[in-house]
Amino acid sequence: MPRAQRLTASGRRRAPAPPASPAAGTRAADRARARPPGPAHPRRRFRLLRWALIAAIWGALAAVILLLWLARDLPRPDTALDAGRRPSLSLQDREGRVIATFGDVVGEPLRLSDLPAYLPAAAVAVEDRRFWQHPGIDPVGLVRAAWINLTAGRVVQGGSTITQQVAKTLFLSNARTLRRKAQELMLTLWLERHFTKKQILEIWLNRVYLGSGAWGVDAAARIYFGVSARRVSLWQAAMLAGLPRAPSRFNPRADPEAAIARTKQVLAAMVEAGAITAAQAQAAASAIALPASPPLSPGWFADWAADRAGALVPEGADAVLRTTLDARLQAAAEARLVSLLDGPGAAAGVSQGAVVALDAETGAVRAMVGGRDYRQSPFNRAVLARRQAGSTFKPFVWLAALEKGATPEDTVLDAPIRVGNYSPADFERRYLGPITVEEALAQSINTAAVRLEMQAGGPRAVIAAARVLGITGTLPNDASLALGTGDVGLLEMTGAYAAFCNGGRRVAPYAIESARLDGRDEPATHAAPAQAIEAEDAAMMRRMLAAVVARGTGRAAAVPGREVVGKTGTTQDYRDAWFIGCVSPPGEAAGGTVVGVWLGNDDNTPMKSVQGGGLPAKLFHDIAAAAR
């Protein structure tokens with residue numbers, strides 16, 4: 001039976017349908033094409049439109065939510081432009097050079113018209129060459145920076161515009177997050193909408209951080225060059241414009257060579273941008289001459305001076321303080337101490353030291369070094385450390401004896417002595433017998449010191465003599481006091497020695513000469529020198545201390561052509577070594593500069609036979625030779 005045949009429901013075979021003619025198939029296809037679309041097509045389009053609308057609504061809502069999330073902690077730009085800042089405190093040396101700054105140092109707000117034209121031109125050339133053309137965000141600059149960084153294999157150029165930098169500086173932190181970057185872009189567009197290009201550049205020039213606590217070109221110009229930004233030269237303008245990328249690395253005070261190299265890069269960028277000619281750039285590069293380097297690290301002095309500014313400066317006020325610091329002497333003291341510690345000091349087991357220099361007539365501190373390296377240890381050993389004074393304390397014993405009627409020509413016995421259970425001995429373990437009071441101090445005789453202490457009225461009399469001259473440390477009320485077993489500080493000891501050099505007047509060491517507040521200079525008040533001991537006793541003390549340097553234990557401290565008086569000091573087991581003395585100008589037998597030196601170790605470990613007449617006296621000599 002052919003396959004085309006099929007059985008009906010009744011079981012009968014049904015004949016196959018006759019094949020359709022070609023003409024019939026063509027007519028059916030034509031009818032299908034002519035038939036109008038069914039009802040399913042409009043419904044499908046409607047559904048697509050509806051979902052598109054829903055997606056758009058939810059997308060817009062998500063965008064609004066994202067913007068609200070990004071902006072929820074944004075500051076109000078209109079108020080952030082006047083945001084508060086930390087009050088600034090600038091310290092100058094005695095010549096007017098800035099040596100340290102605290103807080104946020106902000107100069108005079110300046111407009112573009114106040115500045116030499118090459119200063120804003122330098123900023124634009126090196127920071128944002130298309131600043132005047134782009135709408136706040138520079139796609140061309142971003143692509144260029146990305147390509148340069150890619151070819152260099154490291155980040156050598158940023159893509160942020162000056163407007164973006166203003167947004168970040170004024171309103172945002174330095175956090176490197178996608179959210180902060182989005183906020184930066186939002187604020188950038190706000191700035192471009194509300195300010196002109198000139199205003200944005202002025203904000204940047206007045207608010208950009210340029211290192212050393214300086215915010216804005218005027219503050220930086222005053223700190224680095226001692227002039228207003230109104231009067232900077234072309235090379236100075238280029239140096240300022242080169243700082244924002246890395247203020248600590250290109251800081252002319254921190255690394256002059258890096259600052260000069262960066263300045264030449266900025267000059268080259270200005271030539272490329274058409275701001276100056278190649279000849280002008282070459283002339284400016286040849287004219288670069290940074291001021292004499294400031295002290296290596298006057299941090300100890302600056303901290304000490306700033307701590308004493310509270311009585312002069314009202315809370316929240318900006319101030320500029322003229323200090324007593326002699327930059328040349330400070331630099332000499334720091335350099336000589338580091339050289340000693342790195343050389344003979346290292347061989348002798350000396351790891352730390354401190355130096356104080358002050359004016360004998362007034363107490364003005366001219367130099368202060370509180371250790372080997374301020375950056376590694378800002379602890380001020382010149383002010384805060386308390387150590388046994390050793391034989392540098394003996395002059396107070398001799399002074400107490402003079403006040404009881406003794407004279408340098410009197411004799412005192414150098415022989416074994418016992419006071420209770422205390423029995424001092426000399427380093428040499430030999431005795432000279434009867435010697436003059438002057439010679440006993442020159443040779444630093446321990447037994448003579450205890451005998452003079454007893455003759456003067458005992459430890460209490462010596463303590464009273466020391467207190468009168470400004471010693472505040474803990475002093476033992478026993479015979480060992482004569483050998484310097486009390487704990488004292490280098491600054492107070494150096495200040496006390498001033499009375500032996502200035503005719504008997506007690507001075508109070510101070511750091512501040514005047515303060516400039518709201519454009520007015522106010523002199524600082526400090527304790528005036530006051531007669532504390534008899535001028536005759538001071539003259540005898542000066543004479544005996546001169547013998548210490550001329551023929552006694554302090555001969556290494558002598559400075560040819562200058563009168564030097566002073567005293568050596570060494571504590572038990574060589575844990576501390578001192579020299580404190582005074583150097584006077586040629587031809588003068590009074591006044592001068594008092595210099596105190598201490599060497600030792602922070603952990604109080606012994607040095608290798610270091611005595612006051614050795615390394616400390618030599619260090620004193622080197623520093624005293626640099627004193628004015």
# chains A, B, ... in the order shown; residues from 1 in each chain; ligands from 1

call {"tool": "residues_around", "arguments": {"residues": "Asp93 of chain A", "least_positions_apart": "5", "cutoff": "10 Å", "atoms": "only C-alpha atoms", "output": "ChimeraX atom specification"}}
result
/A:98-100,294-295,302,321-327,366,511-513

call {"tool": "select_by_dssp", "arguments": {"residues": "segment 304-453 of chain A", "states": "alpha helix (DSSP H)", "output": "ChimeraX atom specification"}}
result
/A:304-307,327-342,344-347,394-403,437-442,446-453

call {"tool": "atom_distance", "arguments": {"atom1": "atom CA of Ala532 of chain A", "atom2": "atom CA of Arg460 of chain A"}}
result
17.4 Å

call {"tool": "closest_residue", "arguments": {"among": "A:Gln265, A:Thr163, A:Thr494, A:Thr411", "to": "Val365 of chain A", "atoms": "only C-alpha atoms"}}
result
A:Thr494

call {"tool": "closest_atom_pairs", "arguments": {"of": "segment 438-534 of chain A", "to": "segment 417-431 of chain A", "cutoff": "9 Å", "atoms": "only C-alpha atoms", "output": "CSV"}}
result
residue,atom,partner,partner_atom,distance
A:Ser444,CA,A:Asp426,CA,8.5
A:Ile445,CA,A:Asp426,CA,6.3
A:Asn446,CA,A:Asp426,CA,5.5
A:Thr447,CA,A:Pro424,CA,6.2
A:Val450,CA,A:Pro424,CA,8.0
A:Arg451,CA,A:Ile417,CA,8.0
A:Ala479,CA,A:Val419,CA,6.9
A:Ser480,CA,A:Tyr422,CA,7.4
A:Leu483,CA,A:Pro424,CA,8.6

call {"tool": "residues_around", "arguments": {"residues": "Gly107 of chain A", "least_positions_apart": "6", "cutoff": "9 Å", "atoms": "only C-alpha atoms", "output": "list in words"}}
result
Asn206, Ala214, Trp215, Gly216, Val217, Asp218, Ala219, Ala220, Ala221, Arg222, Ser228 and Ala229 of chain A

call {"tool": "write_last_selection", "arguments": {"atoms": "C-alpha atoms", "output": "mmCIF file, in the first residue's frame"}}
result
data_model
loop_
_atom_site.group_PDB
_atom_site.id
_atom_site.type_symbol
_atom_site.label_atom_id
_atom_site.label_comp_id
_atom_site.auth_asym_id
_atom_site.auth_seq_id
_atom_site.Cartn_x
_atom_site.Cartn_y
_atom_site.Cartn_z
ATOM 1 C CA ASN A 206 47.506 82.196 46.866
ATOM 2 C CA ALA A 214 54.167 78.016 53.199
ATOM 3 C CA TRP A 215 50.766 78.283 51.521
ATOM 4 C CA GLY A 216 50.808 80.532 48.483
ATOM 5 C CA VAL A 217 53.532 82.190 46.456
ATOM 6 C CA ASP A 218 53.884 85.224 48.714
ATOM 7 C CA ALA A 219 54.556 83.186 51.846
ATOM 8 C CA ALA A 220 56.999 80.962 49.956
ATOM 9 C CA ALA A 221 58.823 83.919 48.421
ATOM 10 C CA ARG A 222 59.317 85.452 51.842
ATOM 11 C CA SER A 228 57.438 89.542 48.548
ATOM 12 C CA ALA A 229 56.134 87.642 45.551
#

call {"tool": "residues_around", "arguments": {"residues": "segment 602-605 of chain A", "least_positions_apart": "2", "cutoff": "10 Å", "atoms": "only C-alpha atoms", "output": "VMD selection string"}}
result
chain A and resid 349 to 353 371 381 385 387 573 to 576 599 to 600 607 to 608

call {"tool": "write_last_selection", "arguments": {"atoms": "N, CA, C and O atoms", "output": "PDB file, in the first residue's frame"}}
result
ATOM      1  N   GLY A 349      83.486  55.841  71.868  1.00  0.00           N
ATOM      2  CA  GLY A 349      82.228  55.391  72.441  1.00  0.00           C
ATOM      3  C   GLY A 349      81.283  56.510  72.813  1.00  0.00           C
ATOM      4  O   GLY A 349      80.466  56.369  73.726  1.00  0.00           O
ATOM      5  N   VAL A 350      81.342  57.637  72.071  1.00  0.00           N
ATOM      6  CA  VAL A 350      80.455  58.781  72.322  1.00  0.00           C
ATOM      7  C   VAL A 350      79.403  58.805  71.219  1.00  0.00           C
ATOM      8  O   VAL A 350      79.743  58.890  70.038  1.00  0.00           O
ATOM      9  N   SER A 351      78.134  58.750  71.598  1.00  0.00           N
ATOM     10  CA  SER A 351      77.076  58.723  70.591  1.00  0.00           C
ATOM     11  C   SER A 351      76.231  59.988  70.562  1.00  0.00           C
ATOM     12  O   SER A 351      75.514  60.220  69.591  1.00  0.00           O
ATOM     13  N   GLN A 352      76.313  60.816  71.610  1.00  0.00           N
ATOM     14  CA  GLN A 352      75.464  62.009  71.654  1.00  0.00           C
ATOM     15  C   GLN A 352      76.237  63.185  72.234  1.00  0.00           C
ATOM     16  O   GLN A 352      77.286  63.029  72.877  1.00  0.00           O
ATOM     17  N   GLY A 353      75.672  64.354  71.997  1.00  0.00           N
ATOM     18  CA  GLY A 353      76.258  65.568  72.536  1.00  0.00           C
ATOM     19  C   GLY A 353      75.261  66.697  72.497  1.00  0.00           C
ATOM     20  O   GLY A 353      74.181  66.571  71.903  1.00  0.00           O
ATOM     21  N   GLY A 371      71.406  67.546  70.108  1.00  0.00           N
ATOM     22  CA  GLY A 371      71.781  66.165  69.849  1.00  0.00           C
ATOM     23  C   GLY A 371      72.450  66.026  68.506  1.00  0.00           C
ATOM     24  O   GLY A 371      72.783  67.013  67.840  1.00  0.00           O
ATOM     25  N   ARG A 381      68.565  67.633  74.358  1.00  0.00           N
ATOM     26  CA  ARG A 381      69.498  67.313  75.442  1.00  0.00           C
ATOM     27  C   ARG A 381      70.121  68.561  76.051  1.00  0.00           C
ATOM     28  O   ARG A 381      70.634  68.496  77.166  1.00  0.00           O
ATOM     29  N   ALA A 385      67.580  67.331  79.230  1.00  0.00           N
ATOM     30  CA  ALA A 385      68.369  66.278  79.878  1.00  0.00           C
ATOM     31  C   ALA A 385      68.938  66.773  81.204  1.00  0.00           C
ATOM     32  O   ALA A 385      69.328  67.930  81.337  1.00  0.00           O
ATOM     33  N   ARG A 387      71.925  65.670  83.851  1.00  0.00           N
ATOM     34  CA  ARG A 387      73.084  64.801  84.033  1.00  0.00           C
ATOM     35  C   ARG A 387      73.956  65.354  85.161  1.00  0.00           C
ATOM     36  O   ARG A 387      73.881  66.530  85.509  1.00  0.00           O
ATOM     37  N   ASP A 573      83.235  57.000  86.019  1.00  0.00           N
ATOM     38  CA  ASP A 573      83.247  55.991  84.952  1.00  0.00           C
ATOM     39  C   ASP A 573      83.114  56.615  83.564  1.00  0.00           C
ATOM     40  O   ASP A 573      82.737  55.934  82.609  1.00  0.00           O
ATOM     41  N   TYR A 574      83.419  57.891  83.457  1.00  0.00           N
ATOM     42  CA  TYR A 574      83.418  58.598  82.163  1.00  0.00           C
ATOM     43  C   TYR A 574      82.042  58.550  81.490  1.00  0.00           C
ATOM     44  O   TYR A 574      81.930  58.402  80.271  1.00  0.00           O
ATOM     45  N   ARG A 575      80.994  58.710  82.306  1.00  0.00           N
ATOM     46  CA  ARG A 575      79.644  58.701  81.734  1.00  0.00           C
ATOM     47  C   ARG A 575      79.256  60.056  81.139  1.00  0.00           C
ATOM     48  O   ARG A 575      78.388  60.114  80.262  1.00  0.00           O
ATOM     49  N   ASP A 576      79.850  61.128  81.636  1.00  0.00           N
ATOM     50  CA  ASP A 576      79.581  62.470  81.130  1.00  0.00           C
ATOM     51  C   ASP A 576      80.894  63.232  81.032  1.00  0.00           C
ATOM     52  O   ASP A 576      81.765  63.100  81.901  1.00  0.00           O
ATOM     53  N   LEU A 599      79.097  65.851  76.325  1.00  0.00           N
ATOM     54  CA  LEU A 599      79.196  64.631  75.529  1.00  0.00           C
ATOM     55  C   LEU A 599      78.876  63.438  76.402  1.00  0.00           C
ATOM     56  O   LEU A 599      79.216  63.421  77.596  1.00  0.00           O
ATOM     57  N   GLY A 600      78.231  62.438  75.831  1.00  0.00           N
ATOM     58  CA  GLY A 600      77.889  61.238  76.584  1.00  0.00           C
ATOM     59  C   GLY A 600      77.012  60.316  75.763  1.00  0.00           C
ATOM     60  O   GLY A 600      76.982  60.406  74.528  1.00  0.00           O
ATOM     61  N   MET A 607      81.867  56.125  78.453  1.00  0.00           N
ATOM     62  CA  MET A 607      82.698  56.357  77.278  1.00  0.00           C
ATOM     63  C   MET A 607      84.084  55.778  77.537  1.00  0.00           C
ATOM     64  O   MET A 607      84.377  55.297  78.638  1.00  0.00           O
ATOM     65  N   LYS A 608      84.939  55.816  76.535  1.00  0.00           N
ATOM     66  CA  LYS A 608      86.282  55.260  76.670  1.00  0.00           C
ATOM     67  C   LYS A 608      87.260  56.344  77.119  1.00  0.00           C
ATOM     68  O   LYS A 608      87.924  56.988  76.311  1.00  0.00           O
TER      69      LYS A 608
END

call {"tool": "residues_around", "arguments": {"residues": "Phe500 of chain A", "least_positions_apart": "3", "cutoff": "12 Å", "atoms": "only C-alpha atoms", "output": "PyMOL selection string"}}
result
chain A and resi 360-361+395-396+398-399+469+493-497+503-507+531-546+564-567+580-583+589-594

call {"tool": "closest_residue", "arguments": {"among": "A:Asp414, A:Asp318, A:Asp359, A:Glu438", "to": "Pro87 of chain A", "atoms": "only C-alpha atoms"}}
result
A:Asp318
